[in-house]
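Novice: Structure below; questions to follow.
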Amino acid sequence: MKYGVIVCPRCGMAKGVETRRKTTTCQCGREIKLRRMKLRFQTDSPKELAESVANANAAIRGGEQMPPEKRRRKKEPYSVIAERSQQAKDPVQRLHEVAQALTDLKGEFTEEDLGKVLVSLGKGSPKQTLQKLQQLNLVYETSEGKFRAV
């Protein structure tokens, strides 16, 4: 579940909210529509949410600036593909999932793209992996150096 910190436009106090909700009610009584509010902080942890609300309210009461926004960095798509393919127990199925995910991500992938996923997996060379994928008829070459999953 995702959580966020907003600041009430009426009373100016920080409040922790679940980001999947549409509205919330502040302690001052105002109903706040969340889609109109800027999230000052996002997290998956209720503990971090409580700390950030406390820090924001302390900053507001002290007349200080709000703490800077803290957002989680998105993972690189190649590492996400590698993580998802780890669930497959069969090595051939794992290779097929990697090829399919690269095709979904890029349309046509190259040896370099496959290499980035293989680095995350800690596996062999992309050239040998591509040859194996072609031998198993899991990918085909659409143009020079460009591949797609079957």
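Just so we're on the same page: first chain in the structure tokens is A, next is B, and so on; residues restart at 1 for each chain, and ligands are numbered from 1 in the order they show up.
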Do a neighbour search on Thr43 (chain A) at 7 Å with only C-alpha atoms, toss out local chain neighbours closer than 5 positions, and write the hits as a list in words.

Specialist: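 My reading of the contact set: Lys2, Tyr3, Gly4, Glu48 and Leu49 of chain A.
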
Novice: Name all residues at most 10 Å from Leu105 (chain A) (count only C-alpha atoms; drop same-chain ones fewer than 3 positions away) and give them as an MDAnalysis selection string.

Specialist: chainID A and resid 77:78 81 99:102 108:109

Novice: Quick one: write out the picked residues with N, CA and C atoms as a compact mmCIF listing (two decimals), in the first residue's frame?

Specialist:
# COMPACT_ATOMS: atom_id res chain seq x y z
N PRO A 77 14.49 -0.82 -16.05
CA PRO A 77 13.65 -1.88 -16.62
C PRO A 77 14.37 -3.21 -16.80
N TYR A 78 15.67 -3.17 -17.08
CA TYR A 78 16.41 -4.41 -17.30
C TYR A 78 16.53 -5.22 -16.00
N ILE A 81 13.16 -6.90 -15.35
CA ILE A 81 13.01 -8.09 -16.19
C ILE A 81 13.79 -9.25 -15.58
N ALA A 99 13.23 -12.92 -23.12
CA ALA A 99 13.04 -12.50 -24.52
C ALA A 99 11.68 -11.84 -24.71
N GLN A 100 10.64 -12.43 -24.11
CA GLN A 100 9.29 -11.86 -24.24
C GLN A 100 9.20 -10.50 -23.57
N ALA A 101 9.80 -10.35 -22.39
CA ALA A 101 9.77 -9.07 -21.69
C ALA A 101 10.54 -7.99 -22.46
N LEU A 102 11.66 -8.36 -23.05
CA LEU A 102 12.42 -7.39 -23.86
C LEU A 102 11.62 -6.98 -25.09
N GLU A 108 11.64 -4.46 -30.56
CA GLU A 108 12.75 -5.27 -31.06
C GLU A 108 13.93 -5.02 -30.14
N PHE A 109 14.61 -6.06 -29.72
CA PHE A 109 15.74 -5.88 -28.82
C PHE A 109 17.03 -6.29 -29.51

Novice: Quick one: residues within 9 Å of Glu111 (chain A), only C-alpha atoms counted, chain neighbours fewer than 2 positions away excluded, as a ChimeraX atom specification?

Specialist: /A:109,113-116,126-127,130,145-147

Novice: Would you kindly return, as a PyMOL selection string, each protein, DNA or RNA residue with an atom no farther than 10 Å from any atom of Arg35 (chain A), considering only C-alpha atoms and excluding same-chain residues fewer than 4 positions away?

Specialist: chain A and resi 19-23+39

Novice: What does the file look like for those residues with N, CA and C atoms, as a tab-separated table (two decimals), in the first residue's frame?

Specialist:
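What landed in again-v5.tsv:
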chain	number	residue	atom	x	y	z
A	19	THR	N	-2.64	6.79	-0.62
A	19	THR	CA	-2.72	7.43	-1.93
A	19	THR	C	-3.80	6.85	-2.83
A	20	ARG	N	-4.28	5.64	-2.53
A	20	ARG	CA	-5.32	5.04	-3.38
A	20	ARG	C	-6.70	5.65	-3.11
A	21	ARG	N	-6.84	6.38	-2.04
A	21	ARG	CA	-8.14	6.99	-1.70
A	21	ARG	C	-8.37	8.25	-2.52
A	22	LYS	N	-9.64	8.64	-2.61
A	22	LYS	CA	-9.98	9.85	-3.38
A	22	LYS	C	-10.06	11.09	-2.50
A	23	THR	N	-10.55	10.91	-1.27
A	23	THR	CA	-10.69	12.04	-0.35
A	23	THR	C	-10.22	11.65	1.04
A	39	LEU	N	1.56	15.63	-3.27
A	39	LEU	CA	2.13	14.76	-2.25
A	39	LEU	C	3.52	15.25	-1.90

Novice: Looking at A:Thr103, A:Gly124, A:Glu144, A:Gly16, which one is nearest to Pro46 (chain A), with distances taken over only C-alpha atoms?

Specialist: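 Closest candidate: A:Gly16.
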
Novice: Output as a PyMOL selection string all residues of region 51-148 of chain A that backbone DSSP marks as strand (DSSP E or B).

Specialist: chain A and resi 70+109+139-143+146-148

Novice: Leaving out Val53 (chain A) and any residue of its chain fewer than 4 positions from it, which residues lie within 10 Å of it when counting only C-alpha atoms, given as an NGL selection string?

Specialist: :A and (4-7 or 13-17 or 40-41 or 48-49 or 57-59)

Novice: Please provide as JSON, numbers by chain all residues within 12 Å of Leu95 (chain A), with the sequence filter that same-chain residues fewer than 4 positions apart are discarded (counting only C-alpha atoms).

Specialist: {"A": [81, 82, 84, 85, 86, 87, 88, 89, 90, 91, 99, 100, 101, 102, 114, 117, 118, 121, 123, 124, 126, 128, 129, 130, 131, 132, 133, 134, 136, 137, 138, 139, 149, 150]}

Novice: Could you go through region 13-130 of chain A and tell me which residues DSSP, when run on the backbone, assigns to alpha helix (DSSP H), listing them as a ChimeraX atom specification?

Specialist: /A:46-61,77-85,91-106,111-121,126-130

Novice: Please compute the CA of Ser79 (chain A)-CA of Asp104 (chain A) distance, one decimal, in Å.

Specialist: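 That distance, rounded to one decimal, is 14.7 Å.
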